[in-house]
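Here is work_0.cif, consisting of mmCIF, C-alpha atoms:
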data_query
loop_
_atom_site.group_PDB
_atom_site.id
_atom_site.type_symbol
_atom_site.label_atom_id
_atom_site.label_comp_id
_atom_site.auth_asym_id
_atom_site.auth_seq_id
_atom_site.Cartn_x
_atom_site.Cartn_y
_atom_site.Cartn_z
ATOM 1 C CA MET A 1 -4.253 3.865 -23.106
ATOM 2 C CA GLY A 2 -3.633 3.153 -19.431
ATOM 3 C CA PHE A 3 -4.702 0.511 -16.966
ATOM 4 C CA SER A 4 -6.438 0.052 -13.627
ATOM 5 C CA PHE A 5 -6.679 -2.635 -10.972
ATOM 6 C CA ALA A 6 -7.820 -3.119 -7.371
ATOM 7 C CA GLU A 7 -5.808 -4.462 -4.445
ATOM 8 C CA THR A 8 -6.398 -5.207 -0.765
ATOM 9 C CA MET A 9 -3.599 -5.547 1.780
ATOM 10 C CA SER A 10 -4.270 -6.539 5.389
ATOM 11 C CA GLY A 11 -2.311 -7.200 8.540
ATOM 12 C CA THR A 12 -1.560 -5.336 11.745
ATOM 13 C CA VAL A 13 -0.707 -1.843 12.977
ATOM 14 C CA GLU A 14 1.239 -1.067 16.142
ATOM 15 C CA TRP A 15 0.986 2.539 17.327
ATOM 16 C CA ASP A 16 4.192 3.976 18.758
ATOM 17 C CA ARG A 17 2.265 5.426 21.726
ATOM 18 C CA ASP A 18 1.074 1.919 22.657
ATOM 19 C CA PRO A 19 4.006 -0.445 21.986
ATOM 20 C CA GLY A 20 3.353 -4.168 21.931
ATOM 21 C CA LYS A 21 -0.369 -3.809 21.203
ATOM 22 C CA GLN A 22 -1.375 -4.717 17.668
ATOM 23 C CA HIS A 23 -4.602 -3.767 15.956
ATOM 24 C CA PRO A 24 -5.978 -5.080 12.661
ATOM 25 C CA PHE A 25 -5.010 -2.887 9.712
ATOM 26 C CA SER A 26 -6.013 -2.952 6.056
ATOM 27 C CA PHE A 27 -6.471 -0.874 2.975
ATOM 28 C CA GLU A 28 -8.410 -1.390 -0.225
ATOM 29 C CA ILE A 29 -7.222 0.635 -3.178
ATOM 30 C CA SER A 30 -7.984 1.202 -6.824
ATOM 31 C CA VAL A 31 -4.967 1.958 -8.977
ATOM 32 C CA HIS A 32 -5.233 4.010 -12.158
ATOM 33 C CA ALA A 33 -2.498 4.820 -14.674
ATOM 34 C CA GLY A 34 -3.836 7.152 -17.355
ATOM 35 C CA SER A 35 -1.215 6.316 -19.964
ATOM 36 C CA THR A 36 0.811 3.144 -20.260
ATOM 37 C CA ARG A 37 3.576 5.090 -22.054
ATOM 38 C CA ASP A 38 3.802 7.659 -19.231
ATOM 39 C CA HIS A 39 3.629 4.900 -16.640
ATOM 40 C CA MET A 40 6.480 3.025 -18.320
ATOM 41 C CA LYS A 41 8.650 6.172 -18.021
ATOM 42 C CA THR A 42 7.859 7.045 -14.396
ATOM 43 C CA GLY A 43 6.234 3.959 -12.909
ATOM 44 C CA VAL A 44 3.804 6.251 -11.048
ATOM 45 C CA ALA A 45 0.047 5.670 -10.903
ATOM 46 C CA GLU A 46 -2.731 7.246 -8.839
ATOM 47 C CA ILE A 47 -4.420 5.371 -6.028
ATOM 48 C CA ARG A 48 -7.673 5.928 -4.161
ATOM 49 C CA GLY A 49 -9.250 3.815 -1.504
ATOM 50 C CA VAL A 50 -10.043 3.267 2.148
ATOM 51 C CA VAL A 51 -7.684 2.809 5.114
ATOM 52 C CA HIS A 52 -8.752 0.893 8.236
ATOM 53 C CA ALA A 53 -6.300 1.809 11.029
ATOM 54 C CA PRO A 54 -8.008 1.527 14.416
ATOM 55 C CA PRO A 55 -8.245 3.287 16.744
ATOM 56 C CA VAL A 56 -7.147 6.310 14.646
ATOM 57 C CA ALA A 57 -9.244 5.622 11.527
ATOM 58 C CA ALA A 58 -12.194 3.259 11.350
ATOM 59 C CA ALA A 59 -12.624 3.656 7.573
ATOM 60 C CA ALA A 60 -10.921 6.728 6.118
ATOM 61 C CA ASP A 61 -10.983 7.744 2.457
ATOM 62 C CA ALA A 62 -7.439 7.882 1.123
ATOM 63 C CA ASP A 63 -5.544 8.934 -1.980
ATOM 64 C CA GLY A 64 -1.973 8.947 -3.156
ATOM 65 C CA THR A 65 0.447 7.285 -5.536
ATOM 66 C CA ILE A 66 2.007 3.941 -6.221
ATOM 67 C CA VAL A 67 5.337 3.473 -7.987
ATOM 68 C CA ILE A 68 5.437 0.161 -9.848
ATOM 69 C CA ARG A 69 9.008 -0.616 -10.957
ATOM 70 C CA PRO A 70 9.467 -4.372 -10.356
ATOM 71 C CA LEU A 71 12.066 -4.917 -13.074
ATOM 72 C CA GLY A 72 14.511 -1.989 -13.104
ATOM 73 C CA GLN A 73 14.385 -0.730 -9.520
ATOM 74 C CA ARG A 74 12.721 -3.869 -8.122
ATOM 75 C CA ILE A 75 10.260 -1.885 -5.991
ATOM 76 C CA ILE A 76 6.547 -1.242 -5.581
ATOM 77 C CA ARG A 77 6.166 1.867 -3.384
ATOM 78 C CA TYR A 78 2.913 3.018 -1.769
ATOM 79 C CA GLU A 79 2.153 6.528 -0.466
ATOM 80 C CA LEU A 80 -1.416 6.927 0.742
ATOM 81 C CA ALA A 81 -2.755 9.947 2.692
ATOM 82 C CA PHE A 82 -5.896 9.963 4.835
ATOM 83 C CA THR A 83 -7.604 11.987 7.550
ATOM 84 C CA GLY A 84 -8.037 10.163 10.841
ATOM 85 C CA ASP A 85 -11.132 10.158 12.998
ATOM 86 C CA ASP A 86 -9.269 12.720 15.143
ATOM 87 C CA GLY A 87 -9.255 15.193 12.193
ATOM 88 C CA ARG A 88 -5.483 14.976 11.695
ATOM 89 C CA ARG A 89 -3.822 14.121 8.404
ATOM 90 C CA TYR A 90 -1.762 10.911 8.162
ATOM 91 C CA GLU A 91 0.247 9.189 5.471
ATOM 92 C CA VAL A 92 0.851 5.478 5.014
ATOM 93 C CA VAL A 93 4.195 4.848 3.295
ATOM 94 C CA GLY A 94 6.060 1.680 2.452
ATOM 95 C CA GLN A 95 7.418 -0.452 -0.307
ATOM 96 C CA LYS A 96 7.790 -3.965 -1.516
ATOM 97 C CA ASP A 97 11.457 -4.673 -2.276
ATOM 98 C CA ILE A 98 11.291 -7.349 -4.947
ATOM 99 C CA GLN A 99 13.803 -10.171 -4.567
ATOM 100 C CA TYR A 100 13.685 -12.776 -7.292
ATOM 101 C CA ARG A 101 14.929 -15.558 -5.009
ATOM 102 C CA ARG A 102 11.992 -14.823 -2.656
ATOM 103 C CA LEU A 103 9.551 -13.667 -5.317
ATOM 104 C CA LEU A 104 6.241 -14.759 -3.795
ATOM 105 C CA GLU A 105 7.066 -13.435 -0.326
ATOM 106 C CA THR A 106 8.408 -10.084 -1.543
ATOM 107 C CA TRP A 107 5.476 -9.508 -3.949
ATOM 108 C CA THR A 108 2.893 -10.215 -1.241
ATOM 109 C CA THR A 109 4.447 -8.646 1.891
ATOM 110 C CA LEU A 110 4.352 -4.893 2.503
ATOM 111 C CA PRO A 111 5.909 -3.268 5.579
ATOM 112 C CA LEU A 112 4.553 0.233 6.181
ATOM 113 C CA GLU A 113 4.888 3.218 8.451
ATOM 114 C CA ILE A 114 2.192 5.731 9.309
ATOM 115 C CA LEU A 115 3.407 9.318 9.529
ATOM 116 C CA ASP A 116 1.542 12.184 11.186
ATOM 117 C CA ASP A 117 0.954 15.642 9.720
ATOM 118 C CA GLU A 118 4.471 16.659 10.837
ATOM 119 C CA HIS A 119 6.008 13.638 9.044
ATOM 120 C CA ARG A 120 6.868 11.880 12.291
ATOM 121 C CA ARG A 121 6.404 8.123 12.449
ATOM 122 C CA VAL A 122 3.467 7.252 14.692
ATOM 123 C CA ALA A 123 2.943 3.584 13.795
ATOM 124 C CA THR A 124 4.354 0.586 11.969
ATOM 125 C CA CYS A 125 2.343 -1.935 9.969
ATOM 126 C CA LEU A 126 2.973 -5.276 8.366
ATOM 127 C CA THR A 127 0.529 -6.254 5.639
ATOM 128 C CA ARG A 128 0.168 -9.125 3.249
ATOM 129 C CA PHE A 129 -1.736 -9.836 0.096
ATOM 130 C CA ASP A 130 -3.724 -13.050 0.559
ATOM 131 C CA LEU A 131 -2.996 -14.781 -2.726
ATOM 132 C CA ARG A 132 -5.336 -17.715 -2.079
ATOM 133 C CA ARG A 133 -8.366 -15.608 -1.179
ATOM 134 C CA GLN A 134 -7.783 -12.563 -3.372
ATOM 135 C CA GLY A 135 -5.538 -13.690 -6.213
ATOM 136 C CA LEU A 136 -8.291 -14.388 -8.727
ATOM 137 C CA SER A 137 -10.262 -11.212 -7.964
ATOM 138 C CA PHE A 138 -7.020 -9.220 -8.180
ATOM 139 C CA LEU A 139 -6.302 -10.617 -11.657
ATOM 140 C CA LYS A 140 -9.913 -10.039 -12.747
ATOM 141 C CA SER A 141 -9.706 -6.386 -11.630
ATOM 142 C CA PHE A 142 -7.098 -5.479 -14.288
ATOM 143 C CA ARG A 143 -8.667 -3.299 -16.961
ATOM 144 C CA PRO A 144 -7.514 -1.042 -19.760
ATOM 145 C CA ALA A 145 -8.261 2.554 -18.838
#
Output the file's structure as structure tokens, nothing else.
Amino acid sequence: MGFSFAETMSGTVEWDRDPGKQHPFSFEISVHAGSTRDHMKTGVAEIRGVVHAPPVAAAADADGTIVIRPLGQRIIRYELAFTGDDGRRYEVVGQKDIQYRRLLETWTTLPLEILDDEHRRVATCLTRFDLRRQGLSFLKSFRPA
């Protein structure tokens, strides 16, 4: 048996071609791990969702993986690919580096980069999980799968 849950992260994106100008950025994902035993070995689960990265992507379908290893490696790593409104392929990559002395901050803050189809960085993002607004719905979204 596996598990699933939903998560939303939101913040800002700054495109390298337009330094100093920030746009709103967010993604909503559903996470699915088919087998808890397999997940415990690798920490990898599938993700699907929507990326909002204006002006490149108003609402782009996305898929990828998440590595959830908060105890051993102390990381939660996101890799999420999407096609922009310009028809090009992009990838959002980043990770939460869990620090137990700053647990709340490191569990809820996610710095990201957006890479283009040639794996060059084209933007940086800083997102946060809004614990007050989304904490309860996040907990309620956990399901056996």
**Message:** Nearest residue to His32 (chain A) out of A:Gly49, A:Pro54, A:Gly87, A:Pro111, using all atoms listed in the file?
**Reply:** A:Gly49
**Message:** List the spatial neighbours of Tyr100 (chain A) as an NGL selection string - criterion: any atom at most 12 Å away, all atoms listed in the file, same-chain residues fewer than 2 positions off excluded.
**Reply:** :A and (70-71 or 74-75 or 97-98 or 102-107)
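With all atoms listed in the file as the atoms that count, the minimum distance from Ile47 (chain A) to the choices A:Glu7, A:Glu118, A:Asp18, A:Asp86 is reached by A:Glu7.
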**Prompt:** Please, what distance in Å, to one decimal, runs between CA of Glu91 (chain A) and CA of Pro24 (chain A)?
**Reply:** 17.1 Å
The PyMOL selection byres ((chain A and resi 6) around 12) - which residues does that actually catch in the file I just gave you? List them as a PDB file with C-alpha atoms, keeping the file's coordinate frame.
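The result, written out as part_1.pdb:
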ATOM      1  CA  PHE A   3      -4.702   0.511 -16.966  1.00  0.00           C
ATOM      2  CA  SER A   4      -6.438   0.052 -13.627  1.00  0.00           C
ATOM      3  CA  PHE A   5      -6.679  -2.635 -10.972  1.00  0.00           C
ATOM      4  CA  GLU A   7      -5.808  -4.462  -4.445  1.00  0.00           C
ATOM      5  CA  THR A   8      -6.398  -5.207  -0.765  1.00  0.00           C
ATOM      6  CA  MET A   9      -3.599  -5.547   1.780  1.00  0.00           C
ATOM      7  CA  PHE A  27      -6.471  -0.874   2.975  1.00  0.00           C
ATOM      8  CA  GLU A  28      -8.410  -1.390  -0.225  1.00  0.00           C
ATOM      9  CA  ILE A  29      -7.222   0.635  -3.178  1.00  0.00           C
ATOM     10  CA  SER A  30      -7.984   1.202  -6.824  1.00  0.00           C
ATOM     11  CA  VAL A  31      -4.967   1.958  -8.977  1.00  0.00           C
ATOM     12  CA  HIS A  32      -5.233   4.010 -12.158  1.00  0.00           C
ATOM     13  CA  GLU A  46      -2.731   7.246  -8.839  1.00  0.00           C
ATOM     14  CA  ILE A  47      -4.420   5.371  -6.028  1.00  0.00           C
ATOM     15  CA  ARG A  48      -7.673   5.928  -4.161  1.00  0.00           C
ATOM     16  CA  GLY A  49      -9.250   3.815  -1.504  1.00  0.00           C
ATOM     17  CA  VAL A  50     -10.043   3.267   2.148  1.00  0.00           C
ATOM     18  CA  PHE A 129      -1.736  -9.836   0.096  1.00  0.00           C
ATOM     19  CA  GLN A 134      -7.783 -12.563  -3.372  1.00  0.00           C
ATOM     20  CA  GLY A 135      -5.538 -13.690  -6.213  1.00  0.00           C
ATOM     21  CA  LEU A 136      -8.291 -14.388  -8.727  1.00  0.00           C
ATOM     22  CA  SER A 137     -10.262 -11.212  -7.964  1.00  0.00           C
ATOM     23  CA  PHE A 138      -7.020  -9.220  -8.180  1.00  0.00           C
ATOM     24  CA  LEU A 139      -6.302 -10.617 -11.657  1.00  0.00           C
ATOM     25  CA  LYS A 140      -9.913 -10.039 -12.747  1.00  0.00           C
ATOM     26  CA  SER A 141      -9.706  -6.386 -11.630  1.00  0.00           C
ATOM     27  CA  PHE A 142      -7.098  -5.479 -14.288  1.00  0.00           C
ATOM     28  CA  ARG A 143      -8.667  -3.299 -16.961  1.00  0.00           C
TER      29      ARG A 143
END
Run the PyMOL selection byres ((chain A and resi 25) around 6) against the file shown and list the residues it catches, as a short mmCIF file (atom, residue, chain, number, x, y, z; two decimals) with C-alpha atoms, keeping the file's coordinate frame.
data_model
loop_
_atom_site.label_atom_id
_atom_site.label_comp_id
_atom_site.auth_asym_id
_atom_site.auth_seq_id
_atom_site.Cartn_x
_atom_site.Cartn_y
_atom_site.Cartn_z
CA SER A 10 -4.27 -6.54 5.39
CA GLY A 11 -2.31 -7.20 8.54
CA THR A 12 -1.56 -5.34 11.74
CA VAL A 13 -0.71 -1.84 12.98
CA PRO A 24 -5.98 -5.08 12.66
CA SER A 26 -6.01 -2.95 6.06
CA HIS A 52 -8.75 0.89 8.24
CA ALA A 53 -6.30 1.81 11.03
#
**Request:** Write out as a ChimeraX atom specification each polymer residue whose atoms come within 7 Å of region 112-115 of chain A, counting only C-alpha atoms; drop sequence neighbours fewer than 2 positions from it.
**Result:** /A:90-94,110,117,119-126
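We find CA of Arg88 (chain A) and CA of Asp116 (chain A) to be spaced 7.6 Å apart.
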**All residues 9 Å or closer to region 56-58 of chain A, only C-alpha atoms, same chain fewer than 5 positions away omitted, as JSON, numbers by chain** = {"A": [51, 82, 83, 84, 85, 86]}
Residues from the last selection, C-alpha atoms, saved as a compact mmCIF listing (two decimals), in the coordinates of the input:
# COMPACT_ATOMS: atom_id res chain seq x y z
CA VAL A 51 -7.68 2.81 5.11
CA PHE A 82 -5.90 9.96 4.84
CA THR A 83 -7.60 11.99 7.55
CA GLY A 84 -8.04 10.16 10.84
CA ASP A 85 -11.13 10.16 13.00
CA ASP A 86 -9.27 12.72 15.14
**Prompt:** How many Å lie between CA of Arg101 (chain A) and CA of Ala45 (chain A), rounded to one decimal?
**Reply:** 26.6 Å
**Prompt:** Hey, which of A:Ile66, A:Ala33, A:Pro55, A:Met1 ends up closest to Arg17 (chain A)? Count only C-alpha atoms.
**Reply:** A:Pro55
